[in-house]
Structure formats: C-alpha cells, structure tokens
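Shown next: work-v9.cif, given as mmCIF, C-alpha atoms and all ligand atoms.
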```
data_work
#
loop_
_atom_site.label_atom_id
_atom_site.label_comp_id
_atom_site.auth_asym_id
_atom_site.auth_seq_id
_atom_site.Cartn_x
_atom_site.Cartn_y
_atom_site.Cartn_z
CA MET A 1 -79.86 -55.28 -19.73
CA LYS A 2 -80.39 -52.11 -21.65
CA ILE A 3 -78.90 -52.27 -25.12
CA PRO A 4 -77.46 -48.94 -26.26
CA SER A 5 -79.10 -47.52 -29.31
CA ALA A 6 -77.15 -46.99 -32.47
CA ALA A 7 -77.43 -43.23 -31.90
CA SER A 8 -75.87 -43.38 -28.41
CA LEU A 9 -73.07 -45.61 -29.68
CA LYS A 10 -72.13 -42.95 -32.19
CA VAL A 11 -71.63 -40.53 -29.29
CA ILE A 12 -69.77 -43.00 -27.05
CA VAL A 13 -67.38 -44.34 -29.67
CA PRO A 14 -65.96 -41.00 -30.79
CA ALA A 15 -65.69 -39.93 -27.13
CA ILE A 16 -63.64 -43.01 -26.26
CA THR A 17 -61.47 -42.60 -29.34
CA LEU A 18 -60.72 -38.97 -28.53
CA ALA A 19 -59.92 -39.80 -24.90
CA MET A 20 -57.58 -42.56 -26.00
CA LEU A 21 -55.94 -40.26 -28.51
CA ALA A 22 -55.49 -37.56 -25.87
CA ALA A 23 -53.85 -40.11 -23.53
CA ALA A 24 -51.56 -41.29 -26.31
CA VAL A 25 -50.52 -37.74 -27.16
CA ALA A 26 -49.86 -37.02 -23.47
CA GLU A 27 -47.60 -40.07 -23.39
CA ILE A 28 -45.68 -38.96 -26.44
CA THR A 29 -45.31 -35.31 -25.36
CA PRO A 30 -45.30 -35.25 -21.57
CA GLN A 31 -45.46 -31.91 -19.86
CA SER A 32 -42.00 -30.42 -19.49
CA SER A 33 -41.16 -28.44 -16.42
CA THR A 34 -38.23 -26.71 -14.74
CA HIS A 35 -36.24 -27.89 -11.68
CA ARG A 36 -35.99 -31.46 -12.94
CA ILE A 37 -32.39 -32.19 -11.89
CA ALA A 38 -31.92 -34.58 -8.95
CA ILE A 39 -28.41 -34.91 -7.52
CA ALA A 40 -26.47 -37.52 -5.54
CA TYR A 41 -22.91 -37.86 -4.26
CA GLU A 42 -22.65 -41.62 -4.00
CA THR A 43 -20.28 -42.94 -1.33
CA PRO A 44 -16.93 -43.64 -3.03
CA THR A 45 -16.26 -47.33 -3.53
CA ASN A 46 -12.51 -46.65 -3.48
CA PRO A 47 -11.24 -45.13 -0.19
CA ALA A 48 -8.65 -43.22 -2.25
CA HIS A 49 -11.53 -40.97 -3.35
CA ASP A 50 -12.71 -40.09 0.17
CA ARG A 51 -10.81 -36.79 0.22
CA LEU A 52 -12.13 -35.87 -3.23
CA TYR A 53 -15.67 -36.70 -2.07
CA ASP A 54 -15.27 -34.27 0.86
CA LEU A 55 -13.91 -31.54 -1.42
CA LEU A 56 -16.75 -31.90 -3.95
CA VAL A 57 -19.42 -31.89 -1.23
CA GLU A 58 -17.80 -28.91 0.48
CA ALA A 59 -17.65 -26.99 -2.81
CA ARG A 60 -21.34 -27.83 -3.43
CA VAL A 61 -20.47 -28.83 -6.98
CA LEU A 62 -23.67 -30.76 -7.70
CA GLU A 63 -25.89 -28.22 -5.95
CA GLN A 64 -24.48 -25.51 -8.22
CA ILE A 65 -24.94 -27.63 -11.35
CA GLN A 66 -28.51 -28.35 -10.22
CA GLU A 67 -29.31 -24.64 -9.87
CA ILE A 68 -27.61 -23.66 -13.13
CA LEU A 69 -29.64 -26.26 -15.04
CA SER A 70 -32.92 -25.54 -13.21
CA PRO A 71 -34.32 -23.19 -15.92
CA PHE A 72 -34.27 -26.00 -18.50
CA ARG A 73 -37.69 -27.55 -19.00
CA LEU A 74 -37.45 -31.33 -19.13
CA PRO A 75 -40.19 -33.93 -19.70
CA LYS A 76 -38.96 -36.11 -16.85
CA PRO A 77 -36.58 -35.95 -13.86
CA LEU A 78 -32.88 -36.12 -14.71
CA PRO A 79 -30.70 -37.59 -11.96
CA ILE A 80 -27.04 -36.55 -11.94
CA SER A 81 -24.70 -38.54 -9.73
CA ILE A 82 -21.03 -38.71 -8.91
CA GLU A 83 -20.06 -42.30 -8.24
CA GLY A 84 -17.23 -44.81 -8.13
CA CYS A 85 -16.69 -46.66 -11.42
CA ASP A 86 -14.31 -49.53 -10.52
CA GLY A 87 -11.24 -47.70 -11.74
CA GLU A 88 -12.73 -46.48 -15.02
CA SER A 89 -12.33 -42.76 -15.65
CA ASP A 90 -15.65 -41.99 -17.27
CA ALA A 91 -18.50 -39.53 -17.57
CA ARG A 92 -21.61 -40.25 -19.58
CA TYR A 93 -25.30 -39.79 -20.16
CA LEU A 94 -26.95 -43.19 -19.90
CA TYR A 95 -29.70 -43.26 -22.51
CA SER A 96 -31.35 -46.41 -21.21
CA GLU A 97 -31.58 -45.03 -17.67
CA THR A 98 -32.09 -41.32 -18.50
CA ARG A 99 -29.41 -40.18 -16.10
CA ILE A 100 -25.95 -38.66 -15.99
CA LYS A 101 -23.12 -40.32 -14.13
CA VAL A 102 -19.70 -38.81 -13.57
CA CYS A 103 -17.04 -41.03 -12.02
CA TYR A 104 -14.86 -40.06 -9.07
CA GLU A 105 -12.02 -41.45 -11.17
CA TYR A 106 -12.64 -38.81 -13.85
CA LEU A 107 -12.93 -35.91 -11.39
CA ASP A 108 -9.83 -37.20 -9.60
CA GLU A 109 -7.88 -36.82 -12.85
CA ILE A 110 -9.14 -33.27 -13.28
CA TRP A 111 -8.19 -32.32 -9.74
CA LYS A 112 -4.75 -33.92 -9.89
CA ASP A 113 -4.01 -32.19 -13.19
CA VAL A 114 -4.40 -28.72 -11.69
CA PRO A 115 -1.27 -26.57 -11.98
CA THR A 116 0.25 -25.32 -8.74
CA GLU A 117 0.72 -21.83 -10.20
CA THR A 118 -1.01 -19.76 -12.88
CA THR A 119 0.12 -21.05 -16.27
CA THR A 120 1.75 -19.02 -19.04
CA ALA A 121 -1.62 -18.92 -20.79
CA GLY A 122 -3.10 -17.31 -17.67
CA VAL A 123 -5.03 -20.32 -16.37
CA THR A 124 -5.22 -20.12 -12.57
CA PRO A 125 -5.38 -23.25 -10.39
CA ILE A 126 -9.05 -22.65 -9.50
CA ASP A 127 -10.02 -22.10 -13.16
CA ALA A 128 -8.28 -25.36 -14.10
CA ILE A 129 -10.79 -27.12 -11.85
CA VAL A 130 -13.95 -25.10 -12.45
CA GLY A 131 -13.58 -25.08 -16.27
CA PRO A 132 -13.33 -28.86 -16.80
CA LEU A 133 -15.98 -29.51 -14.13
CA ALA A 134 -18.47 -27.20 -15.85
CA ASP A 135 -17.54 -28.62 -19.25
CA VAL A 136 -18.09 -32.25 -18.32
CA PHE A 137 -21.49 -31.71 -16.70
CA PHE A 138 -22.69 -29.37 -19.47
CA HIS A 139 -21.47 -31.76 -22.19
CA GLU A 140 -23.39 -34.68 -20.68
CA PHE A 141 -26.40 -32.43 -20.17
CA GLY A 142 -26.21 -31.67 -23.90
CA HIS A 143 -26.64 -35.39 -24.62
CA ALA A 144 -29.59 -35.49 -22.19
CA LEU A 145 -31.31 -32.54 -23.88
CA ILE A 146 -30.86 -34.12 -27.31
CA ASP A 147 -32.37 -37.34 -26.03
CA LEU A 148 -35.18 -35.99 -23.86
CA HIS A 149 -36.40 -33.44 -26.41
CA GLN A 150 -35.54 -35.51 -29.46
CA ILE A 151 -33.50 -32.61 -30.82
CA PRO A 152 -32.34 -33.34 -34.35
CA VAL A 153 -28.58 -33.53 -34.84
CA LEU A 154 -27.01 -33.36 -38.25
CA GLY A 155 -23.44 -34.50 -37.74
CA ARG A 156 -21.76 -36.00 -34.73
CA GLU A 157 -23.67 -35.81 -31.48
CA GLU A 158 -20.36 -35.54 -29.60
CA TYR A 159 -19.58 -32.28 -31.38
CA ALA A 160 -23.10 -31.01 -30.71
CA ALA A 161 -22.67 -31.79 -26.99
CA ASP A 162 -19.31 -29.96 -26.97
CA THR A 163 -20.90 -26.94 -28.66
CA MET A 164 -23.81 -27.00 -26.22
CA SER A 165 -21.32 -26.92 -23.34
CA ALA A 166 -19.35 -24.05 -24.87
CA MET A 167 -22.51 -21.99 -25.44
CA LEU A 168 -23.66 -22.58 -21.88
CA MET A 169 -20.26 -21.59 -20.47
CA LEU A 170 -20.30 -18.35 -22.49
CA LEU A 171 -23.86 -17.61 -21.40
CA LEU A 172 -23.14 -18.28 -17.78
CA ALA A 173 -19.77 -16.64 -17.16
CA LYS A 174 -20.31 -13.53 -19.34
CA ASP A 175 -17.47 -11.08 -18.54
CA GLU A 176 -15.57 -13.91 -16.80
CA ALA A 177 -16.11 -16.32 -19.71
CA ARG A 178 -12.42 -16.20 -20.52
CA ARG A 179 -11.57 -17.81 -17.19
CA LEU A 180 -14.12 -20.58 -17.65
CA ILE A 181 -13.28 -21.30 -21.30
CA MET A 182 -9.50 -21.26 -20.78
CA GLY A 183 -9.88 -23.43 -17.68
CA ALA A 184 -11.87 -25.96 -19.70
CA ALA A 185 -9.41 -25.78 -22.60
CA TYR A 186 -6.51 -26.43 -20.23
CA TRP A 187 -7.90 -29.89 -19.52
CA TYR A 188 -7.59 -30.88 -23.15
CA THR A 189 -3.98 -29.97 -23.78
CA ASP A 190 -2.16 -28.69 -20.72
CA ASP A 191 -1.46 -25.35 -22.37
CA LEU A 192 -0.76 -26.94 -25.74
CA LYS A 193 2.57 -28.21 -24.51
CA THR A 194 1.74 -31.87 -24.52
CA ALA A 195 3.14 -33.48 -27.62
CA VAL A 196 0.91 -36.23 -28.90
CA THR A 197 1.52 -39.31 -30.94
CA LEU A 198 -1.67 -40.83 -32.24
CA LYS A 199 -2.37 -44.03 -34.08
CA PRO A 200 -4.63 -43.78 -37.15
CA THR A 201 -7.38 -45.59 -35.23
CA ASP A 202 -7.33 -42.82 -32.58
CA PHE A 203 -9.06 -40.65 -35.18
CA SER A 204 -11.95 -43.09 -35.52
CA SER A 205 -13.50 -42.15 -32.17
CA VAL A 206 -16.94 -40.54 -32.09
CA HIS A 207 -15.21 -37.81 -30.09
CA GLY A 208 -12.80 -35.31 -31.53
CA THR A 209 -9.20 -35.71 -30.39
CA PRO A 210 -8.31 -33.61 -27.31
CA HIS A 211 -6.55 -31.07 -29.53
CA GLN A 212 -9.52 -30.80 -31.89
CA ARG A 213 -11.82 -30.25 -28.93
CA PHE A 214 -9.41 -27.61 -27.63
CA PHE A 215 -9.42 -25.69 -30.93
CA ASN A 216 -13.19 -26.06 -31.37
CA LEU A 217 -13.77 -24.61 -27.91
CA LEU A 218 -11.42 -21.66 -28.46
CA CYS A 219 -12.96 -21.03 -31.89
CA ILE A 220 -16.52 -20.79 -30.55
CA ALA A 221 -15.29 -18.47 -27.79
CA TYR A 222 -13.30 -16.28 -30.16
CA GLY A 223 -16.24 -16.24 -32.57
CA ALA A 224 -18.50 -15.05 -29.75
CA ASN A 225 -16.19 -12.30 -28.53
CA GLN A 226 -13.15 -11.25 -30.55
CA GLU A 227 -12.21 -8.64 -27.98
CA MET A 228 -12.12 -10.99 -25.00
CA PHE A 229 -10.38 -13.83 -26.83
CA GLY A 230 -8.52 -11.88 -29.54
CA ASP A 231 -5.05 -12.34 -28.08
CA LEU A 232 -5.40 -16.13 -28.37
CA VAL A 233 -4.85 -15.74 -32.10
CA GLY A 234 -1.83 -13.45 -31.72
CA LYS A 235 -0.25 -15.76 -29.18
CA GLY A 236 -0.72 -18.76 -31.43
CA TYR A 237 -3.22 -20.67 -29.30
CA LEU A 238 -5.76 -20.41 -32.10
CA PRO A 239 -4.21 -20.56 -35.60
CA GLU A 240 -5.18 -17.65 -37.87
CA GLU A 241 -6.45 -19.98 -40.59
CA ARG A 242 -9.04 -21.38 -38.19
CA ALA A 243 -9.80 -18.06 -36.53
CA GLU A 244 -10.95 -16.51 -39.83
CA ASP A 245 -14.18 -18.49 -39.83
CA CYS A 246 -14.86 -18.61 -36.10
CA LYS A 247 -17.34 -15.74 -36.13
CA SER A 248 -19.57 -17.56 -38.61
CA GLU A 249 -19.03 -20.85 -36.72
CA PHE A 250 -20.31 -19.14 -33.59
CA GLN A 251 -23.24 -17.54 -35.42
CA GLN A 252 -24.23 -20.91 -36.80
CA ALA A 253 -24.07 -22.43 -33.31
CA ALA A 254 -26.04 -19.51 -31.83
CA HIS A 255 -28.71 -19.93 -34.52
CA ALA A 256 -29.06 -23.64 -33.66
CA PHE A 257 -29.08 -22.86 -29.94
CA ASN A 258 -31.83 -20.25 -30.33
CA LEU A 259 -33.92 -22.48 -32.53
CA LEU A 260 -33.48 -25.83 -30.82
CA ILE A 261 -32.47 -25.21 -27.20
CA ARG A 262 -33.89 -21.84 -26.14
CA PRO A 263 -37.57 -22.97 -26.41
CA HIS A 264 -36.78 -25.44 -23.62
CA ILE A 265 -35.50 -22.74 -21.25
CA ASP A 266 -37.76 -20.81 -18.88
CA GLN A 267 -36.59 -17.30 -19.73
CA SER A 268 -37.67 -15.62 -16.53
CA LEU A 269 -35.91 -18.22 -14.37
CA ALA A 270 -32.89 -18.14 -16.69
CA ARG A 271 -32.51 -14.38 -16.17
CA GLN A 272 -32.34 -14.95 -12.41
CA VAL A 273 -30.04 -17.96 -12.51
CA PHE A 274 -27.71 -16.97 -15.33
CA GLY A 275 -27.61 -13.42 -13.96
CA LYS A 276 -25.77 -14.59 -10.84
CA ARG A 277 -22.01 -14.55 -10.55
CA TRP A 278 -20.93 -18.18 -10.69
CA MET A 279 -17.16 -17.98 -10.98
CA PRO A 280 -15.32 -18.37 -7.65
CA ASP A 281 -12.71 -15.81 -6.62
CA VAL A 282 -9.75 -16.14 -8.94
CA THR A 283 -7.28 -16.11 -6.05
CA ILE A 284 -8.70 -19.23 -4.37
CA ARG A 285 -6.08 -21.94 -4.07
CA PRO A 286 -7.78 -25.31 -4.36
CA PRO A 287 -6.45 -27.98 -1.97
CA HIS A 288 -3.75 -29.96 -3.70
CA LEU A 289 -4.43 -33.60 -4.52
CA PRO A 290 -1.03 -35.12 -5.30
CA LYS A 291 -0.61 -37.39 -8.26
CA PRO A 292 0.56 -40.88 -7.48
CA GLY A 293 4.18 -41.00 -8.63
CA SER A 294 5.36 -38.20 -10.88
CA GLY A 295 5.65 -37.40 -14.56
CA THR A 296 3.97 -35.23 -17.11
CA PRO A 297 0.20 -35.33 -17.21
CA ASP A 298 -0.91 -37.29 -20.23
CA ASN A 299 -4.27 -36.27 -21.62
CA SER A 300 -3.46 -37.46 -25.11
CA ALA A 301 -6.05 -40.22 -25.08
CA LEU A 302 -8.56 -38.29 -23.03
CA SER A 303 -12.19 -38.46 -23.95
CA THR A 304 -15.49 -38.03 -22.21
CA ASN A 305 -18.66 -39.57 -23.42
ZN ZN B 401 -20.34 -37.12 -25.15
#
```

Could you show the structure in this file as structure tokens?
Ligand SMILES: [Zn+2]
Amino acid sequence: MKIPSAASLKVIVPAITLAMLAAAVAEITPQSSTHRIAIAYETPTNPAHDRLYDLLVEARVLEQIQEILSPFRLPKPLPISIEGCDGESDARYLYSETRIKVCYEYLDEIWKDVPTETTTAGVTPIDAIVGPLADVFFHEFGHALIDLHQIPVLGREEYAADTMSAMLMLLLAKDEARRLIMGAAYWYTDDLKTAVTLKPTDFSSVHGTPHQRFFNLLCIAYGANQEMFGDLVGKGYLPEERAEDCKSEFQQAAHAFNLLIRPHIDQSLARQVFGKRWMPDVTIRPPHLPKPGSGTPDNSALSTN
C-alpha cells in the first residue's frame, strides 16, 4: 500500500474540506427557481362539497393561482391543495410539510356568503367570490415565502401575510384593483353591516379581528391609490383618522416588499404574468350555492391561518 506523503495530504485535505463546505452551503441555500407551485383538487370527503368541487375545477381556480405565483423563485416545490377537512373551515400553510391546504369547508363559506345582487358598496357577486379566493391563497403564500426564504418579520406574521396579500392584489389587478380589494374586504364584514360582540379573549388571537383586517386592507389600498379608493373615506368605510396615515403605511409596506420580496420574483416572467387581465367579467353571475337554513351571515369570528 502506498502511503501518501505529507505534501500530498496537504493538497487532499483542503480539497475535501472545500468540497464538504460547498455541499453544506448548497444545502443551506438551495437553488431557487420559478414555476414551483404544484396543485391538487382532492376529492371531497363530504358529498355536500361535490358541487363546489365542480365549480372550482370548472373555474380553474388552482390553475390560475399556479400561474399567478409562477414568477416567484422558491427553493423547493410548494404544493397547494384544496381538500376536505372533516368539517373544519380552515386554510393554512403547514410549516412542517411545506405546503398550503385550503379546505372545501372554507371555500364553501365564501361561496355561500356571496350576495345575490351588487351591494350598496358596489361589490358585485363575482367580486365577492374572486376577492376572498385571491386573498386566502395569497395570504397563505405570504406565510410560505416567509418560511421558505427565511424573511425576517418584525411584528406579527399574520399581519405581514395580510399585507403581502394586499400588495399582490394591487399589483395584479391594477386598474381593476378596486373590484378585487372590495371583494376581499366584503368577506370580512359583509359591507360593515354586521354588528359584532366580542369577548376580551377574541382580541388575543394572532390574527387581527375581521374588522381590523377589513380596515387594514382598505388602508393599504387607499394609501396606494387615493384616486381609486378616495370615496371610501367620504362614504365612511375608512375613517378619516385612519386614512390620514395610509399613504405612509403603504409606502412602508412597499419598501418592505421591494427589499424583501421583489428579489425572489423573476421580473421578466412577472411582467408577462402580472400584465395579463385576471379579473373575470364583472357581469358574470356565479352559480348560487344556497346556505343551509337562513339567517344573517356571521363572519364575526372569522379567521384564516
Ligand atoms: Zn395566516
């Protein structure tokens, strides 16, 4: 057996160390790439969701979400599924499994909450579906981005995920952003007509209350475009005291978005994808899914994860 000389060992040892170091670095910072979203409509476990399943597949909801999120560079695949959750109305990013799941139960609530006519705030039936749908997927995607890219968050992650969703909606819908934002806001408060009674412990949630989330969303939107959303202040949907600081709230959010999120977006692909018109025709009447029984919709305890 040939014994390596001390001189050759000096060459081999650093080479091995560097190779090991390179492998370790590759493990810590894997190559990020675009088109990392995988989608699945799981078969509903509750037959009551069969009709909803058909409607979601027909509307290509997940395919559209997949394309919209394709310009984001991610270090690993991100599955997004719609599935039955044994009666629990839920939507969440599962950190341990690196995936997003949205329950049929949750989407069923959105669909059944749709008004039959355009509301006094100007929310059309189709916008009352598209807004909350976009908001829930974008919110959960915000959690995924924070996790996958280890994005620092000072404050509550739930608020950061809400802001991420609002920024993405504004970016995506552009001159039709009002439809998307108001549709999403409708889900939180049913046109601000729902009176709420909350227990002190309701304020302990990691999420804002539905009304806080409503005002935060309108504030970011108004801060982004005072012309498009200006009348919300006059009509009392956004109180003047809050509206005063919304421009700087938006600028702060835009600064964070540019610094922390934009580097993970393929700009050339984003121009193509975000440049498309994503909002469906405003006159579309979504098929009605009747609520079991009757009564006023109650979103007072509503929260997504
Ligand atoms: Zn959340």

* **Selected residue of minimal separation from A:Asn46 among A:Ala59, A:Cys85, A:Val136, A:Leu289, counting all atoms listed in the file** => A:Cys85

Contacts to ligand ZN 401 (chain B) at 9 Å cut-off (all atoms listed in the file) as a short mmCIF file (atom, residue, chain, number, x, y, z; two decimals) with C-alpha atoms, keeping the file's coordinate frame:
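File pocket_28.cif, as written:
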```
data_model
loop_
_atom_site.label_atom_id
_atom_site.label_comp_id
_atom_site.auth_asym_id
_atom_site.auth_seq_id
_atom_site.Cartn_x
_atom_site.Cartn_y
_atom_site.Cartn_z
CA ALA A 91 -18.50 -39.53 -17.57
CA ARG A 92 -21.61 -40.25 -19.58
CA TYR A 93 -25.30 -39.79 -20.16
CA VAL A 136 -18.09 -32.25 -18.32
CA HIS A 139 -21.47 -31.76 -22.19
CA GLU A 140 -23.39 -34.68 -20.68
CA GLY A 142 -26.21 -31.67 -23.90
CA HIS A 143 -26.64 -35.39 -24.62
CA GLU A 157 -23.67 -35.81 -31.48
CA GLU A 158 -20.36 -35.54 -29.60
CA TYR A 159 -19.58 -32.28 -31.38
CA ALA A 160 -23.10 -31.01 -30.71
CA ALA A 161 -22.67 -31.79 -26.99
CA ASP A 162 -19.31 -29.96 -26.97
CA VAL A 206 -16.94 -40.54 -32.09
CA HIS A 207 -15.21 -37.81 -30.09
CA SER A 303 -12.19 -38.46 -23.95
CA THR A 304 -15.49 -38.03 -22.21
CA ASN A 305 -18.66 -39.57 -23.42
#
```

Compile the contact shell of stretch 171-173 of chain A as a JSON list (two decimals) with C-alpha atoms, in the coordinates of the input: residues with an atom at most 10 Å away, counting all atoms listed in the file, same-chain residues fewer than 2 positions apart removed.
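The resulting file, selection-v8.json, is shown below:
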```json
[["chain", "number", "residue", "atom", "x", "y", "z"],
["A", 68, "ILE", "CA", -27.61, -23.66, -13.13],
["A", 165, "SER", "CA", -21.32, -26.92, -23.34],
["A", 166, "ALA", "CA", -19.35, -24.05, -24.87],
["A", 167, "MET", "CA", -22.51, -21.99, -25.44],
["A", 168, "LEU", "CA", -23.66, -22.58, -21.88],
["A", 169, "MET", "CA", -20.26, -21.59, -20.47],
["A", 175, "ASP", "CA", -17.47, -11.08, -18.54],
["A", 176, "GLU", "CA", -15.57, -13.91, -16.80],
["A", 177, "ALA", "CA", -16.11, -16.32, -19.71],
["A", 178, "ARG", "CA", -12.42, -16.20, -20.52],
["A", 179, "ARG", "CA", -11.57, -17.81, -17.19],
["A", 180, "LEU", "CA", -14.12, -20.58, -17.65],
["A", 181, "ILE", "CA", -13.28, -21.30, -21.30],
["A", 270, "ALA", "CA", -32.89, -18.14, -16.69],
["A", 273, "VAL", "CA", -30.04, -17.96, -12.51],
["A", 274, "PHE", "CA", -27.71, -16.97, -15.33],
["A", 275, "GLY", "CA", -27.61, -13.42, -13.96],
["A", 276, "LYS", "CA", -25.77, -14.59, -10.84],
["A", 277, "ARG", "CA", -22.01, -14.55, -10.55],
["A", 278, "TRP", "CA", -20.93, -18.18, -10.69],
["A", 279, "MET", "CA", -17.16, -17.98, -10.98]]
```

* **Selected residue of minimal separation from A:Leu69 among A:Ile151, A:Ala253, A:Ile37, A:Cys219, counting only C-alpha atoms** =>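 Smallest distance to A:Leu69 is found for A:Ile37.
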
* Suppose you want the space between atom CA of A:Val130 and atom CA of A:Arg262; what is it in Å? -> 24.4 Å

* Structure fact -> atom CA of A:Val102 sits from atom CA of A:Gly155 at a separation of 24.8 Å

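One distance worth recording is that between atom CA of A:Arg51 and atom CA of A:Asp127, which is 19.9 Å.
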
* Which one of A:Leu74, A:Ala40, A:Ile82, A:Met182 sits closest to A:Ile126 if you count all atoms listed in the file? -> A:Met182

* **Nearest residue to A:Asp135 from the set A:Ile284, A:Ala184, A:Val153, A:Leu260 (distances using only C-alpha atoms)** =>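 Among the listed residues, A:Ala184 lies closest to A:Asp135.
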
* **Neighbour list for A:Ser89 as a PyMOL selection string, cut-off 8 Å, only C-alpha atoms, skip fewer than 5 positions in-chain** => chain A and resi 103-106+109

* To do: Find the residue from A:Gly87, A:Leu238, A:Tyr95, A:His211 that sits nearest to A:Gln150; use only C-alpha atoms when measuring.
  =>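 Closest to A:Gln150, using only C-alpha atoms: A:Tyr95.
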
* Asked: Restricting the calculation to all atoms listed in the file, which member of A:Lys112, A:Ile261, A:Arg156, A:Ala243 is positioned closest to A:Ser205?
  ->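 Of the candidates, the smallest distance to A:Ser205 is held by A:Arg156.
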
* **Who sits within 9 Å of stretch 97-100 of chain A, all atoms listed in the file, same chain under 3 positions skipped, as a PyMOL selection string** => chain A and resi 76-82+91-94+137+140-141+144+147-148

* Quick one: residues within 8 Å of (-11.4, -28.7, -13.6) (file frame), counting all atoms listed in the file, please, as a list of chain:residue names. =>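 Here the neighbourhood of the point contains A:Leu107, A:Ile110, A:Trp111, A:Val114, A:Ile126, A:Asp127, A:Ala128, A:Ile129, A:Val130, A:Gly131, A:Pro132, A:Leu133, A:Ala134, A:Gly183, A:Ala184, A:Trp187.
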